[in-house]
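This is upload27.cif (mmCIF, C-alpha atoms).
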```cif
data_input
loop_
_atom_site.label_atom_id
_atom_site.label_comp_id
_atom_site.auth_asym_id
_atom_site.auth_seq_id
_atom_site.Cartn_x
_atom_site.Cartn_y
_atom_site.Cartn_z
CA MET A 1 -64.21 -1.74 -41.53
CA ILE A 2 -63.32 1.58 -39.91
CA SER A 3 -63.11 1.55 -36.11
CA LEU A 4 -63.01 4.16 -33.41
CA PHE A 5 -59.72 2.80 -32.05
CA PRO A 6 -57.30 0.00 -33.01
CA GLY A 7 -58.33 -3.52 -32.13
CA ASP A 8 -60.91 -6.04 -33.29
CA ALA A 9 -63.13 -5.52 -30.25
CA GLN A 10 -63.67 -1.83 -30.91
CA PRO A 11 -66.95 -0.64 -32.44
CA SER A 12 -67.04 0.12 -36.16
CA VAL A 13 -68.24 3.39 -37.65
CA ASP A 14 -69.85 4.26 -40.97
CA PRO A 15 -68.25 7.33 -42.59
CA TRP A 16 -71.19 7.57 -44.99
CA THR A 17 -73.40 8.36 -41.98
CA ALA A 18 -70.94 10.10 -39.66
CA VAL A 19 -69.32 12.53 -42.12
CA PRO A 20 -72.62 14.05 -43.36
CA ALA A 21 -73.77 14.38 -39.75
CA ASP A 22 -70.81 16.61 -38.85
CA GLU A 23 -71.82 20.21 -38.18
CA ARG A 24 -70.50 22.64 -40.80
CA THR A 25 -71.94 26.13 -40.32
CA PRO A 26 -70.47 28.60 -42.83
CA PRO A 27 -68.84 31.75 -41.42
CA ASP A 28 -70.21 35.10 -42.53
CA GLY A 29 -69.36 35.90 -46.14
CA ARG A 30 -67.86 32.59 -47.20
CA PRO A 31 -68.49 28.83 -47.19
CA TRP A 32 -67.19 26.38 -44.60
CA VAL A 33 -63.76 25.25 -45.83
CA TYR A 34 -62.48 21.77 -45.04
CA THR A 35 -59.59 19.70 -46.35
CA ASN A 36 -58.84 16.11 -47.16
CA MET A 37 -55.20 15.07 -47.49
CA ILE A 38 -53.20 11.90 -47.03
CA ALA A 39 -49.67 11.76 -45.66
CA SER A 40 -47.11 9.30 -44.37
CA PRO A 41 -46.15 9.29 -40.66
CA ASP A 42 -42.97 11.17 -41.65
CA GLY A 43 -44.99 13.87 -43.44
CA GLY A 44 -44.75 12.95 -47.13
CA THR A 45 -47.80 13.29 -49.38
CA ALA A 46 -46.85 11.61 -52.66
CA VAL A 47 -45.23 8.48 -54.08
CA ALA A 48 -43.61 9.12 -57.46
CA GLY A 49 -45.44 12.44 -57.54
CA LEU A 50 -48.93 11.02 -56.89
CA SER A 51 -50.94 10.64 -53.69
CA GLY A 52 -52.57 7.35 -54.75
CA GLY A 53 -49.56 5.29 -53.71
CA LEU A 54 -50.31 6.09 -50.07
CA GLY A 55 -53.98 5.05 -50.12
CA GLY A 56 -55.99 1.99 -49.18
CA PRO A 57 -59.63 0.86 -49.06
CA GLY A 58 -60.45 2.85 -45.92
CA ASP A 59 -58.84 5.96 -47.36
CA LYS A 60 -60.94 5.60 -50.52
CA THR A 61 -64.07 5.39 -48.37
CA MET A 62 -63.11 8.54 -46.47
CA PHE A 63 -62.25 10.32 -49.71
CA ALA A 64 -65.70 9.59 -51.15
CA ALA A 65 -67.56 10.33 -47.91
CA LEU A 66 -65.90 13.73 -47.53
CA ARG A 67 -66.62 14.56 -51.17
CA SER A 68 -70.25 13.55 -50.70
CA VAL A 69 -71.04 16.62 -48.56
CA ALA A 70 -69.11 19.22 -50.58
CA ASP A 71 -70.86 21.79 -52.72
CA VAL A 72 -67.51 22.63 -54.30
CA ILE A 73 -64.18 20.79 -54.53
CA LEU A 74 -61.33 23.32 -54.61
CA VAL A 75 -58.06 22.22 -56.18
CA GLY A 76 -54.88 23.70 -57.62
CA ALA A 77 -54.09 23.48 -61.33
CA SER A 78 -50.95 21.38 -60.84
CA THR A 79 -52.96 18.78 -58.91
CA VAL A 80 -55.56 18.72 -61.68
CA ARG A 81 -52.83 18.01 -64.22
CA GLU A 82 -50.79 15.52 -62.17
CA GLU A 83 -53.73 13.55 -60.76
CA GLN A 84 -55.74 13.75 -64.02
CA TYR A 85 -58.86 15.10 -62.30
CA ARG A 86 -62.23 14.19 -63.75
CA PRO A 87 -65.74 15.49 -63.04
CA SER A 88 -67.10 14.03 -59.82
CA ASN A 89 -69.34 11.02 -60.41
CA PRO A 90 -70.97 10.00 -57.10
CA ARG A 91 -72.80 6.72 -56.63
CA GLU A 92 -76.61 6.76 -56.88
CA THR A 93 -77.21 6.65 -53.14
CA THR A 94 -74.90 9.64 -52.67
CA VAL A 95 -76.72 11.59 -55.38
CA ALA A 96 -80.05 10.85 -53.70
CA ALA A 97 -78.72 11.99 -50.31
CA ARG A 98 -77.28 15.17 -51.81
CA VAL A 99 -80.54 16.06 -53.54
CA ALA A 100 -82.47 15.37 -50.32
CA ARG A 101 -80.19 17.87 -48.52
CA GLY A 102 -80.84 20.49 -51.20
CA GLN A 103 -77.43 20.12 -52.88
CA GLU A 104 -76.67 19.69 -56.53
CA ALA A 105 -76.33 16.07 -57.63
CA ARG A 106 -72.59 16.44 -58.20
CA PRO A 107 -70.09 18.75 -56.48
CA ILE A 108 -68.55 21.37 -58.71
CA ILE A 109 -64.79 21.30 -59.13
CA ALA A 110 -63.20 24.75 -58.85
CA VAL A 111 -59.60 25.13 -60.00
CA VAL A 112 -57.19 27.80 -58.75
CA THR A 113 -54.70 28.89 -61.41
CA ARG A 114 -52.94 32.24 -61.62
CA SER A 115 -51.75 31.69 -65.21
CA LEU A 116 -54.59 29.52 -66.58
CA ASP A 117 -52.07 26.81 -67.45
CA LEU A 118 -54.72 24.24 -68.34
CA GLU A 119 -55.35 22.42 -71.61
CA PRO A 120 -58.93 21.95 -72.84
CA ASP A 121 -58.28 18.26 -73.53
CA LEU A 122 -57.80 17.46 -69.82
CA PRO A 123 -60.24 14.83 -68.44
CA LEU A 124 -61.82 17.53 -66.26
CA PHE A 125 -63.31 19.14 -69.37
CA ALA A 126 -64.41 15.93 -71.11
CA ASP A 127 -68.06 15.93 -69.93
CA PRO A 128 -70.12 18.48 -71.93
CA ASP A 129 -72.79 18.49 -69.20
CA TYR A 130 -70.30 19.48 -66.49
CA ARG A 131 -68.79 22.97 -66.26
CA PRO A 132 -66.02 23.42 -63.69
CA ILE A 133 -65.19 26.82 -62.22
CA ILE A 134 -61.76 28.29 -62.91
CA PHE A 135 -60.47 31.04 -60.61
CA THR A 136 -57.67 33.02 -62.21
CA ALA A 137 -55.92 36.40 -62.12
CA ALA A 138 -56.66 39.39 -64.33
CA SER A 139 -53.13 39.08 -65.67
CA SER A 140 -53.72 35.60 -67.15
CA PRO A 141 -53.34 35.44 -70.97
CA ALA A 142 -56.43 36.36 -72.99
CA ASP A 143 -56.00 33.47 -75.42
CA ARG A 144 -56.05 30.97 -72.55
CA ARG A 145 -59.20 32.61 -71.17
CA GLU A 146 -60.92 32.18 -74.51
CA ARG A 147 -59.75 28.59 -74.90
CA ILE A 148 -60.85 27.46 -71.43
CA GLY A 149 -63.95 29.68 -71.35
CA SER A 150 -65.75 27.36 -73.75
CA ARG A 151 -65.39 24.48 -71.28
CA ALA A 152 -65.66 26.17 -67.86
CA ASP A 153 -66.78 29.30 -65.99
CA VAL A 154 -63.67 31.47 -65.81
CA ILE A 155 -63.78 33.95 -62.91
CA THR A 156 -61.24 36.68 -62.13
CA ALA A 157 -60.35 36.74 -58.43
CA GLY A 158 -57.32 39.01 -58.18
CA GLU A 159 -54.92 41.04 -60.30
CA THR A 160 -51.66 39.08 -60.51
CA GLY A 161 -52.64 36.13 -58.31
CA VAL A 162 -55.79 34.41 -57.10
CA ASP A 163 -57.18 35.98 -53.92
CA LEU A 164 -58.78 33.03 -52.15
CA THR A 165 -60.92 35.28 -49.96
CA VAL A 166 -62.43 36.78 -53.10
CA ALA A 167 -62.88 33.34 -54.66
CA LEU A 168 -64.67 31.98 -51.60
CA ALA A 169 -66.92 35.04 -51.43
CA GLU A 170 -67.89 34.39 -55.05
CA LEU A 171 -68.78 30.80 -54.19
CA ALA A 172 -70.89 32.01 -51.26
CA ASP A 173 -72.69 34.45 -53.58
CA ARG A 174 -73.54 31.47 -55.77
CA GLY A 175 -75.16 29.75 -52.80
CA HIS A 176 -72.41 27.26 -51.97
CA ARG A 177 -72.01 26.47 -48.26
CA THR A 178 -69.28 23.80 -48.13
CA VAL A 179 -65.94 23.81 -49.94
CA LEU A 180 -63.57 20.84 -49.81
CA SER A 181 -59.92 21.60 -50.55
CA GLU A 182 -58.04 18.63 -51.98
CA GLY A 183 -54.81 20.56 -52.35
CA GLY A 184 -52.20 20.36 -53.37
CA PRO A 185 -49.92 21.51 -50.59
CA SER A 186 -49.45 25.02 -52.03
CA LEU A 187 -53.19 25.68 -52.15
CA ASN A 188 -53.60 24.37 -48.60
CA GLY A 189 -50.74 26.60 -47.47
CA GLN A 190 -52.41 29.65 -48.97
CA LEU A 191 -55.71 28.80 -47.26
CA ILE A 192 -53.95 28.45 -43.90
CA ALA A 193 -52.02 31.69 -44.35
CA ALA A 194 -55.29 33.52 -45.06
CA ASP A 195 -56.94 31.87 -42.02
CA LEU A 196 -59.63 30.25 -44.19
CA VAL A 197 -59.54 26.65 -42.93
CA ASP A 198 -62.42 25.57 -40.68
CA GLU A 199 -61.79 21.82 -40.67
CA TRP A 200 -58.67 19.76 -41.37
CA ASN A 201 -59.01 16.09 -42.35
CA LEU A 202 -55.81 14.08 -42.63
CA SER A 203 -55.42 10.39 -43.39
CA ILE A 204 -52.12 8.99 -42.12
CA SER A 205 -50.86 6.08 -44.21
CA PRO A 206 -48.71 3.31 -42.67
CA THR A 207 -45.93 4.02 -45.17
CA LEU A 208 -42.64 5.80 -44.60
CA LEU A 209 -41.46 7.89 -47.55
CA GLY A 210 -38.37 9.84 -46.56
CA ALA A 211 -36.90 11.65 -49.59
CA ASP A 212 -38.22 15.13 -50.35
CA SER A 213 -41.97 14.61 -50.72
CA LYS A 214 -43.97 17.75 -49.87
CA ARG A 215 -45.90 17.98 -46.63
CA ALA A 216 -49.70 18.52 -46.67
CA ALA A 217 -49.37 22.31 -46.67
CA VAL A 218 -46.53 24.57 -47.80
CA GLY A 219 -46.34 28.30 -48.30
CA PRO A 220 -46.19 31.63 -46.50
CA LEU A 221 -46.71 32.10 -42.79
CA ALA A 222 -50.00 33.56 -41.62
CA ASP A 223 -49.98 37.29 -40.92
CA GLY A 224 -51.44 36.76 -37.47
CA PRO A 225 -51.17 33.98 -34.87
CA PRO A 226 -51.25 30.43 -36.28
CA PRO A 227 -54.83 29.11 -36.48
CA LYS A 228 -55.69 26.88 -33.52
CA MET A 229 -57.60 23.63 -34.09
CA THR A 230 -59.31 21.08 -31.83
CA LEU A 231 -59.11 17.34 -32.44
CA SER A 232 -62.65 16.19 -33.21
CA ARG A 233 -62.11 12.47 -33.79
CA VAL A 234 -59.69 9.69 -34.71
CA TRP A 235 -60.71 6.58 -36.66
CA THR A 236 -58.55 3.67 -37.76
CA ASP A 237 -58.57 1.01 -40.46
CA GLU A 238 -55.78 -1.44 -41.38
CA SER A 239 -53.16 0.71 -39.59
CA PHE A 240 -54.41 3.91 -41.29
CA LEU A 241 -55.45 6.81 -39.06
CA PHE A 242 -58.20 9.22 -40.10
CA CYS A 243 -58.05 12.43 -38.09
CA ARG A 244 -60.41 15.41 -38.06
CA TRP A 245 -59.64 18.76 -36.48
CA VAL A 246 -62.01 21.75 -36.37
CA ARG A 247 -61.36 25.44 -35.80
CA ARG A 248 -61.25 26.44 -32.14
CA THR A 249 -63.94 28.90 -31.10
CA ASP A 250 -62.43 29.85 -27.72
CA SER A 251 -59.49 31.86 -29.06
#
```

Go ahead and express the file in the form of structure tokens.
Amino acid sequence: MISLFPGDAQPSVDPWTAVPADERTPPDGRPWVYTNMIASPDGGTAVAGLSGGLGGPGDKTMFAALRSVADVILVGASTVREEQYRPSNPRETTVAARVARGQEARPIIAVVTRSLDLEPDLPLFADPDYRPIIFTAASSPADRRERIGSRADVITAGETGVDLTVALAELADRGHRTVLSEGGPSLNGQLIAADLVDEWNLSISPTLLGADSKRAAVGPLADGPPPKMTLSRVWTDESFLFCRWVRRTDS
């Protein structure tokens, strides 16, 4: 049970109802971009290289609820490899709700990879009825383009690196209105630096990691002032915190 605040007497909330009800109006020229990450109170995001060691039942519910409203799930190639990403497979009630909202039955996974360092035998490419999108650079090797092109839509979005502004504009042109970034930290850092994050969702796990685990976003500083966010809500479940921030409109 997820509650508004800690304590048995506090009212419970249903993420399956609340998350889809959140307002997400796309900015001009690109979809609404929101994140979902999990971290320890001391800032770490992975146990033995994987995020799953930080999770719990409530986190799994939030993960699925946030995915349920995404047109596209944006993810970096290293995360695809390390977490063994598969095509999204929502439950029947989620599919019905998505179709009723005018969305495709399953969100499309879009991978960001400058070098196209992906193997066609990855689980992501195992479903012949599911074609992910791969954003890459013009400089990526031609043989890798040919190899992956039979399993996915390969789109050039930059010369020597992936320009996320170009990639998001391409998704908007395809009619996609909501993009969920699941990281990893480098991809999130690039989105922040380009001022492309509209909503930040962070689950805080009751686990201290220490060591050198990456934080939820790493990378270059933004060219302009740091993006300002407003805390929208805080939920709790079994000592987990689920926090949502949205882009400030008064600055």

- Near Ala217 in chain A, within 9 Å and counting all atoms listed in the file, which residues show up once chain neighbours fewer than 6 positions away are dropped, as a ChimeraX atom specification? /A:183-190,192

- Message: With distances taken over all atoms listed in the file, which residue among A:Ala222, A:Tyr130, A:Trp200, A:Arg244 lies nearest Val33 in chain A?
- Response: A:Trp200

- For the file shown, report as JSON, numbers by chain the outcome of the PyMOL selection byres ((chain A and resi 31) around 12) at residue level. {"A": [24, 25, 26, 27, 28, 29, 30, 32, 33, 34, 70, 71, 72, 73, 74, 164, 165, 166, 167, 168, 169, 170, 171, 172, 173, 174, 175, 176, 177, 178, 179, 180, 181, 196, 197, 198, 199]}

- Quick one: apply the PyMOL selection byres ((chain A and resi 154) around 8) to the file and drop the selected residues here as JSON, numbers by chain. {"A": [133, 134, 135, 136, 145, 148, 149, 152, 153, 155, 156]}

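Considering the residues A:Gly58, A:Gly76, A:Gly219, A:Pro107 and counting only C-alpha atoms, Ala193 in chain A has its shortest atom-to-atom contact with A:Gly219.
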
- Message: Translate the PyMOL selection byres ((chain A and resi 162) around 7) into a concrete residue list for this structure, as a ChimeraX atom specification.
- Response: /A:112,114,135-137,157-158,161,163-164

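Nearest residue to Arg98 in chain A, choosing from A:Arg151, A:Leu124, A:Trp16, A:Ala77 and counting only C-alpha atoms: A:Trp16.
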
- Between CA of Pro225 in chain A and CA of Thr160 in chain A, what is the distance, to one decimal in Å? 26.1 Å

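Between CA of Ser213 in chain A and CA of Thr45 in chain A lies a distance of 6.1 Å.
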
Identify the residues around (-51.5, 26.4, -68.0) within a radius of 12 Å, measuring from only C-alpha atoms in the coordinates stated by the file, and give them as a CSV table (one decimal) with C-alpha atoms, in the frame of the given file.
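Wrote part02.csv, looks like this:
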```csv
chain,number,residue,atom,x,y,z
A,76,GLY,CA,-54.9,23.7,-57.6
A,77,ALA,CA,-54.1,23.5,-61.3
A,78,SER,CA,-51.0,21.4,-60.8
A,79,THR,CA,-53.0,18.8,-58.9
A,80,VAL,CA,-55.6,18.7,-61.7
A,81,ARG,CA,-52.8,18.0,-64.2
A,111,VAL,CA,-59.6,25.1,-60.0
A,112,VAL,CA,-57.2,27.8,-58.8
A,113,THR,CA,-54.7,28.9,-61.4
A,114,ARG,CA,-52.9,32.2,-61.6
A,115,SER,CA,-51.8,31.7,-65.2
A,116,LEU,CA,-54.6,29.5,-66.6
A,117,ASP,CA,-52.1,26.8,-67.4
A,118,LEU,CA,-54.7,24.2,-68.3
A,119,GLU,CA,-55.4,22.4,-71.6
A,120,PRO,CA,-58.9,22.0,-72.8
A,121,ASP,CA,-58.3,18.3,-73.5
A,122,LEU,CA,-57.8,17.5,-69.8
A,134,ILE,CA,-61.8,28.3,-62.9
A,136,THR,CA,-57.7,33.0,-62.2
A,140,SER,CA,-53.7,35.6,-67.2
A,141,PRO,CA,-53.3,35.4,-71.0
A,143,ASP,CA,-56.0,33.5,-75.4
A,144,ARG,CA,-56.0,31.0,-72.6
A,145,ARG,CA,-59.2,32.6,-71.2
A,147,ARG,CA,-59.8,28.6,-74.9
A,148,ILE,CA,-60.8,27.5,-71.4
```

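Atom to atom, CA of Leu54 in chain A and CA of Ser205 in chain A stand 5.9 Å apart.
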
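Remark: for Glu238 in chain A, the closest of the candidate residues A:Ala142, A:Val218, A:Ile204, A:Leu191 is A:Ile204 (distances computed over only C-alpha atoms).
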
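Comparing A:Thr35, A:Thr17, A:Ser88, A:Ser68 by their smallest distance to Gln103 in chain A, the closest is A:Ser68 (using all atoms listed in the file).
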
Written coordinates, N, CA and C atoms of range 24-36 of chain A as a CSV table (one decimal), in the first residue's frame:
```csv
chain,number,residue,atom,x,y,z
A,24,ARG,N,0.4,16.4,-18.4
A,24,ARG,CA,1.7,16.3,-19.1
A,24,ARG,C,1.4,16.9,-20.5
A,25,THR,N,1.6,18.2,-20.6
A,25,THR,CA,1.3,19.0,-21.8
A,25,THR,C,2.7,19.1,-22.5
A,26,PRO,N,2.9,18.6,-23.7
A,26,PRO,CA,4.2,18.7,-24.4
A,26,PRO,C,4.5,20.1,-24.7
A,27,PRO,N,5.8,20.5,-24.6
A,27,PRO,CA,6.2,21.8,-25.1
A,27,PRO,C,6.2,21.9,-26.6
A,28,ASP,N,6.3,23.0,-27.1
A,28,ASP,CA,6.3,23.1,-28.6
A,28,ASP,C,7.5,22.4,-29.2
A,29,GLY,N,7.3,21.6,-30.2
A,29,GLY,CA,8.4,20.9,-30.9
A,29,GLY,C,9.0,19.7,-30.4
A,30,ARG,N,8.5,19.2,-29.2
A,30,ARG,CA,9.0,18.0,-28.6
A,30,ARG,C,8.0,17.4,-27.6
A,31,PRO,N,8.2,16.1,-27.3
A,31,PRO,CA,7.3,15.6,-26.3
A,31,PRO,C,7.6,16.0,-24.9
A,32,TRP,N,6.7,15.8,-23.9
A,32,TRP,CA,6.9,15.9,-22.5
A,32,TRP,C,7.9,14.9,-22.1
A,33,VAL,N,9.0,15.3,-21.4
A,33,VAL,CA,10.1,14.3,-21.0
A,33,VAL,C,10.0,14.2,-19.5
A,34,TYR,N,9.9,12.9,-19.0
A,34,TYR,CA,9.9,12.7,-17.6
A,34,TYR,C,10.8,11.5,-17.3
A,35,THR,N,11.3,11.4,-16.1
A,35,THR,CA,12.2,10.4,-15.7
A,35,THR,C,11.6,9.4,-14.7
A,36,ASN,N,12.3,8.3,-14.5
A,36,ASN,CA,12.0,7.4,-13.4
A,36,ASN,C,13.4,6.8,-13.0
```
